[in-house]
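K.L.:
For reference, the file start-v9.tsv (TSV, C-alpha atoms and all ligand atoms) is included below:
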```
chain	number	residue	atom	x	y	z
A	3	MET	CA	-15.06	-50.90	-8.69
A	4	SER	CA	-14.61	-54.02	-10.83
A	5	ARG	CA	-12.39	-56.86	-9.70
A	6	THR	CA	-9.93	-56.32	-12.61
A	7	ARG	CA	-9.68	-52.62	-11.83
A	8	ARG	CA	-8.91	-53.46	-8.20
A	9	LEU	CA	-6.16	-55.85	-9.31
A	10	ILE	CA	-4.53	-53.12	-11.43
A	11	ASP	CA	-4.63	-50.69	-8.52
A	12	ALA	CA	-3.16	-53.34	-6.22
A	13	LEU	CA	-0.33	-53.90	-8.71
A	14	ALA	CA	0.36	-50.15	-8.86
A	15	ARG	CA	0.51	-50.07	-5.08
A	16	ASP	CA	2.45	-53.28	-4.34
A	17	GLY	CA	4.50	-53.92	-7.47
A	18	SER	CA	3.20	-57.46	-7.81
A	19	LEU	CA	0.22	-59.79	-7.78
A	20	SER	CA	-0.03	-63.54	-7.22
A	21	GLY	CA	0.27	-65.83	-10.24
A	22	PRO	CA	-3.47	-66.62	-10.30
A	23	GLU	CA	-4.27	-62.90	-10.00
A	24	PHE	CA	-1.99	-62.02	-12.93
A	25	ALA	CA	-3.57	-64.78	-15.03
A	26	GLU	CA	-7.08	-63.66	-14.10
A	27	LEU	CA	-6.29	-60.04	-14.93
A	28	ILE	CA	-4.76	-60.92	-18.31
A	29	ARG	CA	-7.76	-63.09	-19.17
A	30	ALA	CA	-10.62	-60.92	-17.89
A	31	ARG	CA	-9.50	-57.35	-18.52
A	32	ASP	CA	-11.49	-55.12	-20.88
A	33	GLU	CA	-10.63	-51.97	-22.84
A	34	GLY	CA	-11.43	-49.69	-19.93
A	35	ASP	CA	-9.02	-51.65	-17.75
A	36	ALA	CA	-6.32	-51.33	-20.40
A	37	SER	CA	-6.75	-47.52	-20.58
A	38	HIS	CA	-6.59	-47.34	-16.79
A	39	LEU	CA	-3.42	-49.46	-16.75
A	40	PHE	CA	-1.74	-47.42	-19.49
A	41	ALA	CA	-2.47	-44.14	-17.68
A	42	LEU	CA	-0.92	-45.46	-14.45
A	43	ALA	CA	2.03	-46.99	-16.31
A	44	SER	CA	2.74	-43.80	-18.27
A	45	GLU	CA	2.61	-41.78	-15.08
A	46	ALA	CA	5.01	-44.18	-13.37
A	47	ARG	CA	7.43	-44.08	-16.31
A	48	ASP	CA	7.28	-40.27	-16.59
A	49	ARG	CA	8.03	-39.93	-12.87
A	50	VAL	CA	11.30	-41.84	-13.32
A	51	PHE	CA	12.34	-40.95	-16.87
A	52	GLY	CA	10.39	-37.80	-17.78
A	53	LYS	CA	9.42	-37.38	-21.44
A	54	GLY	CA	12.68	-38.77	-22.84
A	55	ILE	CA	12.86	-42.06	-24.71
A	56	PHE	CA	16.25	-43.82	-24.90
A	57	ILE	CA	17.45	-45.02	-28.29
A	58	ARG	CA	19.72	-47.99	-29.01
A	59	GLY	CA	21.30	-48.61	-32.41
A	60	LEU	CA	20.66	-52.25	-33.30
A	61	LEU	CA	23.37	-53.82	-35.44
A	62	GLU	CA	22.41	-57.27	-36.69
A	63	PHE	CA	25.85	-58.46	-37.73
A	64	SER	CA	25.28	-62.11	-38.67
A	65	ASN	CA	22.27	-64.29	-39.38
A	66	PHE	CA	24.12	-67.60	-39.24
A	67	CYS	CA	22.84	-69.66	-36.32
A	68	ARG	CA	23.75	-73.07	-34.92
A	69	ASN	CA	20.46	-73.12	-33.03
A	70	ASP	CA	17.11	-74.27	-34.26
A	71	CYS	CA	14.38	-72.42	-32.32
A	72	LEU	CA	11.08	-73.41	-33.93
A	73	TYR	CA	9.76	-69.84	-34.19
A	74	CYS	CA	12.82	-68.16	-35.65
A	75	GLY	CA	13.40	-67.38	-39.32
A	76	ILE	CA	17.19	-67.63	-39.05
A	77	ARG	CA	17.10	-71.10	-37.43
A	78	ARG	CA	19.71	-73.52	-38.69
A	79	SER	CA	17.18	-75.68	-40.54
A	80	ASN	CA	15.90	-72.83	-42.66
A	81	ARG	CA	17.80	-73.53	-45.88
A	82	ARG	CA	16.07	-70.62	-47.60
A	83	ALA	CA	17.56	-67.97	-45.35
A	84	ASP	CA	20.10	-65.88	-47.26
A	85	ARG	CA	23.02	-65.89	-44.83
A	86	TYR	CA	25.49	-63.06	-44.25
A	87	ARG	CA	28.26	-62.03	-41.89
A	88	LEU	CA	29.78	-58.61	-41.32
A	89	SER	CA	33.52	-58.25	-40.80
A	90	LYS	CA	34.99	-56.55	-37.77
A	91	GLU	CA	35.77	-53.53	-39.96
A	92	GLU	CA	32.18	-53.36	-41.22
A	93	ILE	CA	30.87	-53.54	-37.67
A	94	LEU	CA	33.18	-50.77	-36.46
A	95	GLY	CA	32.40	-48.60	-39.49
A	96	THR	CA	28.65	-49.02	-38.97
A	97	CYS	CA	28.99	-47.98	-35.34
A	98	GLU	CA	31.02	-44.94	-36.35
A	99	ALA	CA	28.17	-43.83	-38.59
A	100	GLY	CA	25.74	-44.61	-35.75
A	101	HIS	CA	27.75	-42.49	-33.33
A	102	LEU	CA	27.46	-39.55	-35.75
A	103	LEU	CA	23.70	-40.07	-35.80
A	104	GLY	CA	23.69	-39.63	-32.02
A	105	PHE	CA	23.55	-43.22	-30.79
A	106	ARG	CA	25.26	-43.78	-27.43
A	107	THR	CA	24.31	-47.44	-27.12
A	108	PHE	CA	25.13	-50.08	-29.71
A	109	VAL	CA	23.37	-53.41	-29.53
A	110	LEU	CA	25.34	-56.10	-31.34
A	111	GLN	CA	22.93	-58.91	-32.16
A	112	SER	CA	23.34	-62.09	-34.20
A	113	GLY	CA	22.41	-65.71	-34.48
A	114	GLU	CA	24.63	-68.05	-32.47
A	115	ASP	CA	27.36	-67.93	-35.08
A	116	PRO	CA	30.52	-69.91	-34.14
A	117	PHE	CA	32.48	-67.99	-36.80
A	118	TYR	CA	32.88	-65.19	-34.27
A	119	GLY	CA	34.91	-66.91	-31.58
A	120	PRO	CA	34.94	-65.44	-28.06
A	121	GLU	CA	38.22	-63.59	-28.75
A	122	LEU	CA	36.95	-61.91	-31.91
A	123	ILE	CA	33.83	-60.66	-30.09
A	124	ALA	CA	36.01	-59.43	-27.20
A	125	ASP	CA	38.25	-57.67	-29.70
A	126	ILE	CA	35.30	-55.91	-31.36
A	127	VAL	CA	33.87	-54.85	-27.99
A	128	ALA	CA	37.24	-53.52	-26.77
A	129	GLU	CA	37.77	-51.54	-29.94
A	130	LEU	CA	34.26	-50.06	-29.78
A	131	LYS	CA	34.79	-48.99	-26.18
A	132	LEU	CA	38.13	-47.44	-27.10
A	133	SER	CA	36.74	-45.54	-30.10
A	134	PHE	CA	33.56	-44.40	-28.34
A	135	PRO	CA	34.26	-44.07	-24.61
A	136	ASP	CA	30.91	-42.33	-24.05
A	137	THR	CA	28.98	-45.27	-25.46
A	138	ALA	CA	27.46	-48.42	-23.95
A	139	VAL	CA	27.86	-51.75	-25.71
A	140	THR	CA	25.08	-54.29	-25.42
A	141	LEU	CA	25.52	-57.86	-26.63
A	142	SER	CA	22.68	-60.12	-27.75
A	143	LEU	CA	24.40	-63.27	-28.98
A	144	GLY	CA	22.39	-66.05	-27.33
A	145	GLU	CA	23.73	-68.78	-25.02
A	146	HIS	CA	27.47	-69.03	-24.39
A	147	PRO	CA	29.71	-70.52	-21.71
A	148	PRO	CA	30.35	-68.41	-18.60
A	149	ARG	CA	33.98	-67.89	-19.62
A	150	SER	CA	32.90	-66.15	-22.84
A	151	TYR	CA	30.44	-63.92	-21.01
A	152	ALA	CA	33.26	-63.08	-18.56
A	153	LEU	CA	35.73	-62.33	-21.36
A	154	TRP	CA	33.31	-59.96	-23.08
A	155	ARG	CA	32.49	-58.21	-19.83
A	156	LYS	CA	36.20	-57.73	-19.20
A	157	ALA	CA	36.56	-56.33	-22.71
A	158	GLY	CA	34.05	-53.66	-21.71
A	159	ALA	CA	30.58	-54.95	-22.65
A	160	ASP	CA	28.03	-53.18	-20.46
A	161	ARG	CA	24.78	-55.01	-21.07
A	162	TYR	CA	23.45	-58.35	-22.33
A	163	LEU	CA	20.06	-59.20	-23.77
A	164	LEU	CA	18.89	-62.79	-23.58
A	165	ARG	CA	15.16	-63.31	-23.62
A	166	HIS	CA	14.08	-66.26	-21.51
A	167	GLU	CA	11.25	-66.74	-24.08
A	168	THR	CA	8.92	-68.57	-21.62
A	169	ARG	CA	9.52	-69.65	-18.01
A	170	ASP	CA	7.33	-72.73	-18.29
A	171	PRO	CA	9.56	-75.78	-18.94
A	172	GLU	CA	7.04	-77.64	-21.10
A	173	HIS	CA	6.10	-74.58	-23.09
A	174	TYR	CA	9.80	-73.84	-23.53
A	175	ALA	CA	10.36	-77.40	-24.77
A	176	SER	CA	7.53	-77.04	-27.30
A	177	LEU	CA	9.25	-74.03	-28.91
A	178	HIS	CA	12.85	-75.24	-28.91
A	179	PRO	CA	14.92	-78.24	-30.01
A	180	ARG	CA	15.67	-80.92	-27.43
A	181	SER	CA	19.19	-79.64	-26.90
A	182	MET	CA	17.84	-76.46	-25.30
A	183	SER	CA	16.21	-75.99	-21.91
A	184	ILE	CA	14.83	-73.23	-19.74
A	185	GLY	CA	17.28	-74.36	-17.04
A	186	THR	CA	20.27	-73.47	-19.21
A	187	ARG	CA	18.68	-70.18	-20.20
A	188	VAL	CA	18.06	-69.17	-16.59
A	189	ARG	CA	21.63	-70.15	-15.60
A	190	CYS	CA	22.97	-67.98	-18.42
A	191	LEU	CA	20.93	-65.03	-17.12
A	192	GLU	CA	22.16	-65.57	-13.58
A	193	THR	CA	25.77	-65.81	-14.75
A	194	LEU	CA	25.40	-62.57	-16.73
A	195	LYS	CA	23.99	-60.82	-13.67
A	196	ALA	CA	26.76	-62.09	-11.43
A	197	LEU	CA	29.33	-60.76	-13.92
A	198	GLY	CA	27.94	-57.25	-13.49
A	199	TYR	CA	26.15	-56.88	-16.81
A	200	GLN	CA	22.96	-54.87	-16.98
A	201	VAL	CA	20.77	-57.78	-18.00
A	202	GLY	CA	17.66	-58.00	-20.13
A	203	CYS	CA	15.32	-60.98	-20.33
A	204	GLY	CA	11.92	-61.15	-22.00
A	205	PHE	CA	9.42	-63.18	-23.94
A	206	MET	CA	7.19	-63.29	-26.97
A	207	VAL	CA	3.51	-62.60	-26.47
A	208	GLY	CA	1.15	-65.05	-28.18
A	209	SER	CA	3.72	-67.72	-28.98
A	210	PRO	CA	1.97	-70.98	-29.92
A	211	GLY	CA	0.56	-72.77	-26.87
A	212	GLN	CA	0.98	-69.79	-24.54
A	213	THR	CA	-1.71	-69.34	-21.86
A	214	PRO	CA	-2.37	-66.50	-19.38
A	215	GLU	CA	-0.92	-68.82	-16.74
A	216	HIS	CA	2.35	-69.00	-18.68
A	217	LEU	CA	2.45	-65.20	-18.89
A	218	ALA	CA	1.83	-65.00	-15.13
A	219	GLU	CA	4.81	-67.33	-14.62
A	220	ASP	CA	6.92	-65.06	-16.85
A	221	LEU	CA	6.00	-62.01	-14.81
A	222	LEU	CA	6.80	-63.71	-11.50
A	223	PHE	CA	10.09	-64.97	-12.89
A	224	ILE	CA	10.98	-61.39	-13.87
A	225	LYS	CA	10.02	-60.21	-10.40
A	226	GLY	CA	12.46	-62.70	-8.94
A	227	LEU	CA	15.32	-62.12	-11.39
A	228	ARG	CA	15.13	-58.32	-11.13
A	229	PRO	CA	16.61	-57.62	-14.57
A	230	HIS	CA	17.49	-54.10	-15.74
A	231	MET	CA	15.64	-54.50	-19.03
A	232	VAL	CA	12.75	-56.58	-20.32
A	233	GLY	CA	12.08	-56.99	-24.03
A	234	ILE	CA	8.72	-58.29	-25.12
A	235	GLY	CA	7.06	-58.36	-28.51
A	236	PRO	CA	4.31	-60.25	-30.27
A	237	PHE	CA	5.14	-63.61	-31.84
A	238	ILE	CA	4.97	-63.28	-35.64
A	239	PRO	CA	5.14	-66.42	-37.79
A	240	HIS	CA	7.90	-66.86	-40.35
A	241	LYS	CA	6.90	-68.71	-43.51
A	242	ASP	CA	9.91	-71.05	-43.56
A	243	THR	CA	9.60	-72.36	-39.99
A	244	PRO	CA	7.55	-75.20	-38.47
A	245	LEU	CA	5.30	-72.52	-36.90
A	246	ALA	CA	4.52	-70.88	-40.26
A	247	SER	CA	0.77	-71.37	-39.95
A	248	ALA	CA	0.44	-70.41	-36.28
A	249	PRO	CA	-1.50	-67.18	-35.65
A	250	ALA	CA	0.48	-64.07	-34.68
A	251	GLY	CA	0.32	-62.74	-31.14
A	252	SER	CA	-1.95	-59.80	-30.45
A	253	VAL	CA	-0.90	-56.16	-30.26
A	254	ASP	CA	-3.41	-55.50	-27.47
A	255	ASP	CA	-2.07	-58.36	-25.35
A	256	THR	CA	1.49	-57.11	-25.86
A	257	LEU	CA	0.53	-53.57	-24.85
A	258	PHE	CA	-1.25	-54.84	-21.77
A	259	LEU	CA	1.81	-56.85	-20.74
A	260	LEU	CA	4.02	-53.77	-21.28
A	261	GLY	CA	1.80	-51.84	-18.90
A	262	LEU	CA	1.93	-54.60	-16.28
A	263	LEU	CA	5.74	-54.69	-16.47
A	264	ARG	CA	5.95	-50.93	-15.99
A	265	LEU	CA	3.78	-51.07	-12.86
A	266	MET	CA	5.81	-54.01	-11.52
A	267	ASP	CA	8.99	-51.96	-11.81
A	268	PRO	CA	8.78	-48.26	-12.73
A	269	ARG	CA	12.60	-48.12	-13.21
A	270	LEU	CA	12.79	-50.89	-15.80
A	271	LEU	CA	14.17	-50.27	-19.31
A	272	ILE	CA	11.43	-51.54	-21.64
A	273	PRO	CA	11.67	-51.28	-25.44
A	274	ALA	CA	8.75	-50.75	-27.78
A	275	THR	CA	9.95	-53.42	-30.21
A	276	THR	CA	10.22	-53.67	-33.97
A	277	ALA	CA	7.88	-56.69	-33.84
A	278	LEU	CA	5.21	-54.47	-32.26
A	279	GLY	CA	5.76	-51.93	-35.05
A	280	THR	CA	5.48	-54.71	-37.61
A	281	LEU	CA	2.01	-55.84	-36.53
A	282	ASP	CA	0.67	-52.30	-36.15
A	283	PRO	CA	1.99	-49.23	-37.99
A	284	ALA	CA	1.60	-47.23	-34.77
A	285	GLY	CA	2.74	-50.12	-32.57
A	286	ARG	CA	5.84	-48.46	-31.16
A	287	GLU	CA	3.98	-45.25	-30.30
A	288	LYS	CA	1.30	-47.34	-28.61
A	289	GLY	CA	4.05	-49.24	-26.80
A	290	VAL	CA	5.41	-46.01	-25.33
A	291	LEU	CA	1.93	-44.88	-24.34
A	292	ALA	CA	1.49	-48.24	-22.57
A	293	GLY	CA	4.72	-47.82	-20.56
A	294	ALA	CA	7.79	-48.53	-22.74
A	295	ASN	CA	10.75	-46.11	-22.62
A	296	VAL	CA	13.26	-47.45	-25.15
A	297	ILE	CA	13.30	-47.67	-28.96
A	298	MET	CA	15.85	-49.64	-30.94
A	299	PRO	CA	16.17	-48.26	-34.47
A	300	ILE	CA	18.04	-50.55	-36.86
A	301	LEU	CA	21.64	-49.67	-37.79
A	302	THR	CA	22.35	-52.75	-39.90
A	303	PRO	CA	23.84	-51.73	-43.29
A	304	ALA	CA	21.43	-51.46	-46.20
A	305	GLY	CA	22.96	-54.34	-48.18
A	306	VAL	CA	22.07	-56.95	-45.56
A	307	ARG	CA	19.28	-55.53	-43.41
A	308	GLY	CA	16.65	-57.29	-45.48
A	309	LYS	CA	18.24	-60.63	-44.60
A	310	TYR	CA	17.93	-60.54	-40.81
A	311	LEU	CA	14.41	-61.89	-40.86
A	312	LEU	CA	13.31	-63.51	-37.62
A	313	TYR	CA	9.67	-63.19	-38.72
A	314	ASP	CA	7.68	-62.17	-41.82
A	315	ASN	CA	7.00	-58.58	-42.98
A	316	LYS	CA	9.60	-56.99	-40.71
A	317	ILE	CA	9.51	-53.18	-41.01
A	318	CYS	CA	12.40	-50.83	-41.83
A	319	THR	CA	14.23	-53.36	-44.03
A	320	GLY	CA	14.35	-50.88	-46.94
A	321	ASP	CA	15.33	-47.83	-44.90
A	322	SER	CA	18.70	-46.26	-44.12
A	323	SER	CA	19.99	-45.86	-40.58
A	324	SER	CA	19.55	-42.11	-40.71
A	325	ALA	CA	15.98	-42.51	-42.00
A	326	CYS	CA	15.20	-44.83	-39.06
A	327	ARG	CA	16.77	-42.41	-36.62
A	328	MET	CA	14.67	-39.51	-37.97
A	329	CYS	CA	11.56	-41.65	-38.19
A	330	VAL	CA	11.57	-42.64	-34.52
A	331	GLU	CA	12.22	-39.07	-33.46
A	332	ARG	CA	9.24	-37.89	-35.48
A	333	ARG	CA	7.05	-40.70	-34.19
A	334	MET	CA	7.90	-39.92	-30.57
A	335	GLY	CA	7.24	-36.23	-31.22
A	336	THR	CA	3.68	-36.98	-32.33
A	337	ILE	CA	2.89	-38.42	-28.89
A	338	GLY	CA	4.67	-35.77	-26.85
A	339	TYR	CA	7.97	-37.57	-26.24
A	340	GLY	CA	11.53	-36.80	-27.33
A	341	ILE	CA	14.70	-38.78	-27.91
A	342	SER	CA	17.32	-38.81	-25.13
A	343	ALA	CA	20.66	-39.02	-26.93
A	344	VAL	CA	22.54	-40.44	-23.93
A	345	ARG	CA	23.72	-43.91	-22.89
A	346	GLY	CA	20.52	-44.43	-20.95
A	347	ASP	CA	21.72	-46.76	-18.23
A	348	HIS	CA	19.37	-48.22	-15.67
A	349	PRO	CA	18.63	-45.49	-13.07
A	350	ASP	CA	20.45	-47.52	-10.39
A	351	LEU	CA	23.70	-47.01	-12.32
A	352	GLU	CA	23.25	-43.37	-13.17
A	353	GLY	CA	25.73	-40.96	-11.66
A	354	ALA	CA	28.01	-43.93	-11.19
A	355	GLY	CA	29.69	-42.94	-14.47
A	356	PRO	CA	30.48	-45.73	-16.87
A	357	SER	CA	29.68	-49.25	-15.72
A	358	PRO	CA	31.64	-50.29	-12.64
A	359	PRO	CA	34.79	-52.26	-13.41
A	360	PRO	CA	34.09	-55.90	-14.09
A	361	PRO	CA	35.07	-58.47	-11.49
A	362	LEU	CA	38.61	-59.77	-11.96
A	363	ALA	CA	37.60	-63.39	-12.16
A	364	ALA	CA	34.42	-65.00	-13.43
A	365	PRO	CA	32.23	-66.48	-10.72
A	366	ALA	CA	32.30	-70.26	-10.57
A	367	PRO	CA	29.94	-71.53	-13.25
A	368	ALA	CA	26.66	-72.59	-11.71
A	369	ALA	CA	26.42	-75.51	-14.10
A	370	PRO	CA	28.18	-77.04	-17.07
A	371	PRO	CA	28.29	-74.48	-19.88
A	372	PRO	CA	26.09	-75.03	-22.89
A	373	ALA	CA	27.90	-76.74	-25.74
A	374	MET	CA	29.66	-74.36	-28.11
A	401	LIG	N1	20.28	-65.29	-31.25
A	401	LIG	C1	20.08	-64.30	-30.23
A	401	LIG	C2	19.49	-63.00	-30.74
A	401	LIG	C3	18.53	-63.03	-31.89
A	401	LIG	S1	16.89	-63.58	-31.57
A	401	LIG	C4	19.21	-64.85	-29.15
A	401	LIG	O1	18.67	-65.94	-29.29
A	401	LIG	O2	19.12	-64.22	-28.10
A	401	LIG	C5	16.20	-62.22	-30.70
A	401	LIG	C6	14.75	-62.42	-30.23
A	401	LIG	O3	13.85	-62.38	-31.33
A	401	LIG	C7	14.47	-63.76	-29.60
A	401	LIG	O4	14.84	-63.75	-28.27
A	401	LIG	C8	12.97	-63.94	-29.81
A	401	LIG	O5	12.23	-63.62	-28.64
A	401	LIG	C9	12.64	-62.97	-30.93
A	401	LIG	N2	12.04	-63.68	-32.06
A	401	LIG	C10	12.58	-64.72	-32.75
A	401	LIG	N3	11.71	-65.19	-33.65
A	401	LIG	C11	10.57	-64.45	-33.54
A	401	LIG	C12	9.29	-64.46	-34.17
A	401	LIG	N4	9.00	-65.37	-35.11
A	401	LIG	N5	8.38	-63.55	-33.79
A	401	LIG	C13	8.67	-62.64	-32.85
A	401	LIG	N6	9.85	-62.59	-32.19
A	401	LIG	C14	10.79	-63.48	-32.53
```
Would you give me this structure, written as structure tokens?
Ligand code: SAH

P.N.:
Amino acid sequence: MSRTRRLIDALARDGSLSGPEFAELIRARDEGDASHLFALASEARDRVFGKGIFIRGLLEFSNFCRNDCLYCGIRRSNRRADRYRLSKEEILGTCEAGHLLGFRTFVLQSGEDPFYGPELIADIVAELKLSFPDTAVTLSLGEHPPRSYALWRKAGADRYLLRHETRDPEHYASLHPRSMSIGTRVRCLETLKALGYQVGCGFMVGSPGQTPEHLAEDLLFIKGLRPHMVGIGPFIPHKDTPLASAPAGSVDDTLFLLGLLRLMDPRLLIPATTALGTLDPAGREKGVLAGANVIMPILTPAGVRGKYLLYDNKICTGDSSSACRMCVERRMGTIGYGISAVRGDHPDLEGAGPSPPPPLAAPAPAAPPPAM
């Protein structure tokens, strides 16, 4: 048996490898190794989740951002981005339509837009939870002070997505403005976990300057953090950013990383992302066959969905929410999977009913909060 094949089998058995082993495997694997990995990963996922894929309705409610991440199309410095904000009423109305389409998780995502103060977000979350008691609310709003995270959790938010982007401090610095650091990002993730959120981290595959060693660091970081969800997708350049001429990440690398994540933790919630579907028309199906178990169809209203452009050529920008909902169901059907129209909590929380009540007080902040 080849060395790479042995490493994959060791990962399936032990749930981890050393950093150098991960890096070696990522660098040296061939197509046969990838097929072997995907078969083991699919088996592991099916054992925990069966043939059901969870869906999350993604509502991109504002593309204003005070941040300036070098890779992102809605960064503050991009004067050409056509900015929009949805009102509270528009957000609630969109979710109502989403609920009728069968969504039982709403993901509210935006740039870091100070227009929505902590109270307004809390208000929206509370009203969503009141209107749709059978539904989970996930927030994906970037970095905020611990007191805001605590307020939103108290209002009923169940989950929070904040990709760590890359665990390597220098690599992180090369992709972000000076005001940002991996230290702050990691503290945010730890705060979110301590508050009782189901937490998702993640990274882009093939971001400029990324090496297999960086990816190995990301995997070991995830092993240590033990998040409930991990979102990964290929980096795709956006024409109006400083990284416009950088090459896109590879679909094959992304799929391989998805498979590794599944073997590291068979119970993890792992989306097959829109970015994967953008680089390859069958990307999301391939993502599921490599080990993913979540799809996030877009719920953003037609009038603005073409404006939430983190990267070029994003798919689904001309489609309606119901078209996206049908489309993913059909796509999953072609590979022998179906849509699970339930909240889809992490298996550790299942049977526990809705998320456990949030702690009464926020834990002491581990560090000064990031500037608002
Ligand atoms: N502002 C929030 C949510 C929006 S960004 C936040 O920062 O968390 C959501 C994710 O999109 C980011 O975490 C990043 O990993 C991904 N993303 C941004 N620009 C991208 C690009 N050019 N290619 C691929 N993914 C990108």

K.L.:
Excluding Gly54 (chain A) and residues on its chain fewer than 6 positions from it, collect all residues at most 7 Å away from it, counting all atoms listed in the file, and give them as JSON, numbers by chain.

P.N.:
{"A": [339, 340, 341, 342]}

K.L.:
What's the 12 Å shell around Leu291 (chain A), counting all atoms listed in the file, without same-chain residues fewer than 4 positions away, as a short mmCIF file (atom, residue, chain, number, x, y, z; two decimals) with C-alpha atoms, keeping the file's coordinate frame?

P.N.:
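To be explicit, this is the file written out as out37.cif:
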```cif
data_model
loop_
_atom_site.label_atom_id
_atom_site.label_comp_id
_atom_site.auth_asym_id
_atom_site.auth_seq_id
_atom_site.Cartn_x
_atom_site.Cartn_y
_atom_site.Cartn_z
CA ALA A 36 -6.32 -51.33 -20.40
CA SER A 37 -6.75 -47.52 -20.58
CA HIS A 38 -6.59 -47.34 -16.79
CA LEU A 39 -3.42 -49.46 -16.75
CA PHE A 40 -1.74 -47.42 -19.49
CA ALA A 41 -2.47 -44.14 -17.68
CA LEU A 42 -0.92 -45.46 -14.45
CA ALA A 43 2.03 -46.99 -16.31
CA SER A 44 2.74 -43.80 -18.27
CA GLU A 45 2.61 -41.78 -15.08
CA ALA A 46 5.01 -44.18 -13.37
CA ARG A 47 7.43 -44.08 -16.31
CA ASP A 48 7.28 -40.27 -16.59
CA LYS A 53 9.42 -37.38 -21.44
CA ILE A 55 12.86 -42.06 -24.71
CA LEU A 257 0.53 -53.57 -24.85
CA PHE A 258 -1.25 -54.84 -21.77
CA LEU A 260 4.02 -53.77 -21.28
CA GLY A 261 1.80 -51.84 -18.90
CA ARG A 264 5.95 -50.93 -15.99
CA ILE A 272 11.43 -51.54 -21.64
CA PRO A 273 11.67 -51.28 -25.44
CA ALA A 274 8.75 -50.75 -27.78
CA ALA A 284 1.60 -47.23 -34.77
CA GLY A 285 2.74 -50.12 -32.57
CA ARG A 286 5.84 -48.46 -31.16
CA GLU A 287 3.98 -45.25 -30.30
CA ASN A 295 10.75 -46.11 -22.62
CA VAL A 296 13.26 -47.45 -25.15
CA ARG A 333 7.05 -40.70 -34.19
CA MET A 334 7.90 -39.92 -30.57
CA THR A 336 3.68 -36.98 -32.33
CA ILE A 337 2.89 -38.42 -28.89
CA GLY A 338 4.67 -35.77 -26.85
CA TYR A 339 7.97 -37.57 -26.24
#
```

K.L.:
Kindly assemble as JSON lines a list of the chain A residues that lie within 6 Å of ligand LIG 401 (chain A), each paired with its nearest atom pair and their distance in Å to one decimal, using all atoms listed in the file, sorted first by chain and then by ascending residue number.

P.N.:
```
{"residue": "A:Tyr73", "atom": "CA", "partner": "A:LIG401", "partner_atom": "N4", "distance": 4.6}
{"residue": "A:Cys74", "atom": "CA", "partner": "A:LIG401", "partner_atom": "N3", "distance": 3.7}
{"residue": "A:Gln111", "atom": "CA", "partner": "A:LIG401", "partner_atom": "C2", "distance": 5.5}
{"residue": "A:Ser112", "atom": "CA", "partner": "A:LIG401", "partner_atom": "C2", "distance": 5.3}
{"residue": "A:Gly113", "atom": "CA", "partner": "A:LIG401", "partner_atom": "N1", "distance": 3.9}
{"residue": "A:Glu114", "atom": "CA", "partner": "A:LIG401", "partner_atom": "N1", "distance": 5.3}
{"residue": "A:Ser142", "atom": "CA", "partner": "A:LIG401", "partner_atom": "C2", "distance": 5.2}
{"residue": "A:Leu143", "atom": "CA", "partner": "A:LIG401", "partner_atom": "C1", "distance": 4.6}
{"residue": "A:Gly144", "atom": "CA", "partner": "A:LIG401", "partner_atom": "O2", "distance": 3.8}
{"residue": "A:Leu164", "atom": "CA", "partner": "A:LIG401", "partner_atom": "O2", "distance": 4.7}
{"residue": "A:Arg165", "atom": "CA", "partner": "A:LIG401", "partner_atom": "O4", "distance": 4.7}
{"residue": "A:Glu167", "atom": "CA", "partner": "A:LIG401", "partner_atom": "O5", "distance": 5.6}
{"residue": "A:Phe205", "atom": "CA", "partner": "A:LIG401", "partner_atom": "O5", "distance": 5.5}
{"residue": "A:Met206", "atom": "CA", "partner": "A:LIG401", "partner_atom": "O5", "distance": 5.3}
{"residue": "A:Pro236", "atom": "CA", "partner": "A:LIG401", "partner_atom": "C13", "distance": 5.6}
{"residue": "A:Phe237", "atom": "CA", "partner": "A:LIG401", "partner_atom": "N5", "distance": 3.8}
{"residue": "A:Ile238", "atom": "CA", "partner": "A:LIG401", "partner_atom": "N5", "distance": 3.9}
{"residue": "A:Pro239", "atom": "CA", "partner": "A:LIG401", "partner_atom": "N4", "distance": 4.8}
{"residue": "A:His240", "atom": "CA", "partner": "A:LIG401", "partner_atom": "N4", "distance": 5.6}
{"residue": "A:Leu312", "atom": "CA", "partner": "A:LIG401", "partner_atom": "N3", "distance": 4.6}
{"residue": "A:Tyr313", "atom": "CA", "partner": "A:LIG401", "partner_atom": "N4", "distance": 4.3}
```

K.L.:
Give me a file of those residues, with C-alpha atoms, as a short mmCIF file (atom, residue, chain, number, x, y, z; two decimals), in the coordinates of the input.

P.N.:
```cif
data_model
loop_
_atom_site.label_atom_id
_atom_site.label_comp_id
_atom_site.auth_asym_id
_atom_site.auth_seq_id
_atom_site.Cartn_x
_atom_site.Cartn_y
_atom_site.Cartn_z
CA TYR A 73 9.76 -69.84 -34.19
CA CYS A 74 12.82 -68.16 -35.65
CA GLN A 111 22.93 -58.91 -32.16
CA SER A 112 23.34 -62.09 -34.20
CA GLY A 113 22.41 -65.71 -34.48
CA GLU A 114 24.63 -68.05 -32.47
CA SER A 142 22.68 -60.12 -27.75
CA LEU A 143 24.40 -63.27 -28.98
CA GLY A 144 22.39 -66.05 -27.33
CA LEU A 164 18.89 -62.79 -23.58
CA ARG A 165 15.16 -63.31 -23.62
CA GLU A 167 11.25 -66.74 -24.08
CA PHE A 205 9.42 -63.18 -23.94
CA MET A 206 7.19 -63.29 -26.97
CA PRO A 236 4.31 -60.25 -30.27
CA PHE A 237 5.14 -63.61 -31.84
CA ILE A 238 4.97 -63.28 -35.64
CA PRO A 239 5.14 -66.42 -37.79
CA HIS A 240 7.90 -66.86 -40.35
CA LEU A 312 13.31 -63.51 -37.62
CA TYR A 313 9.67 -63.19 -38.72
#
```
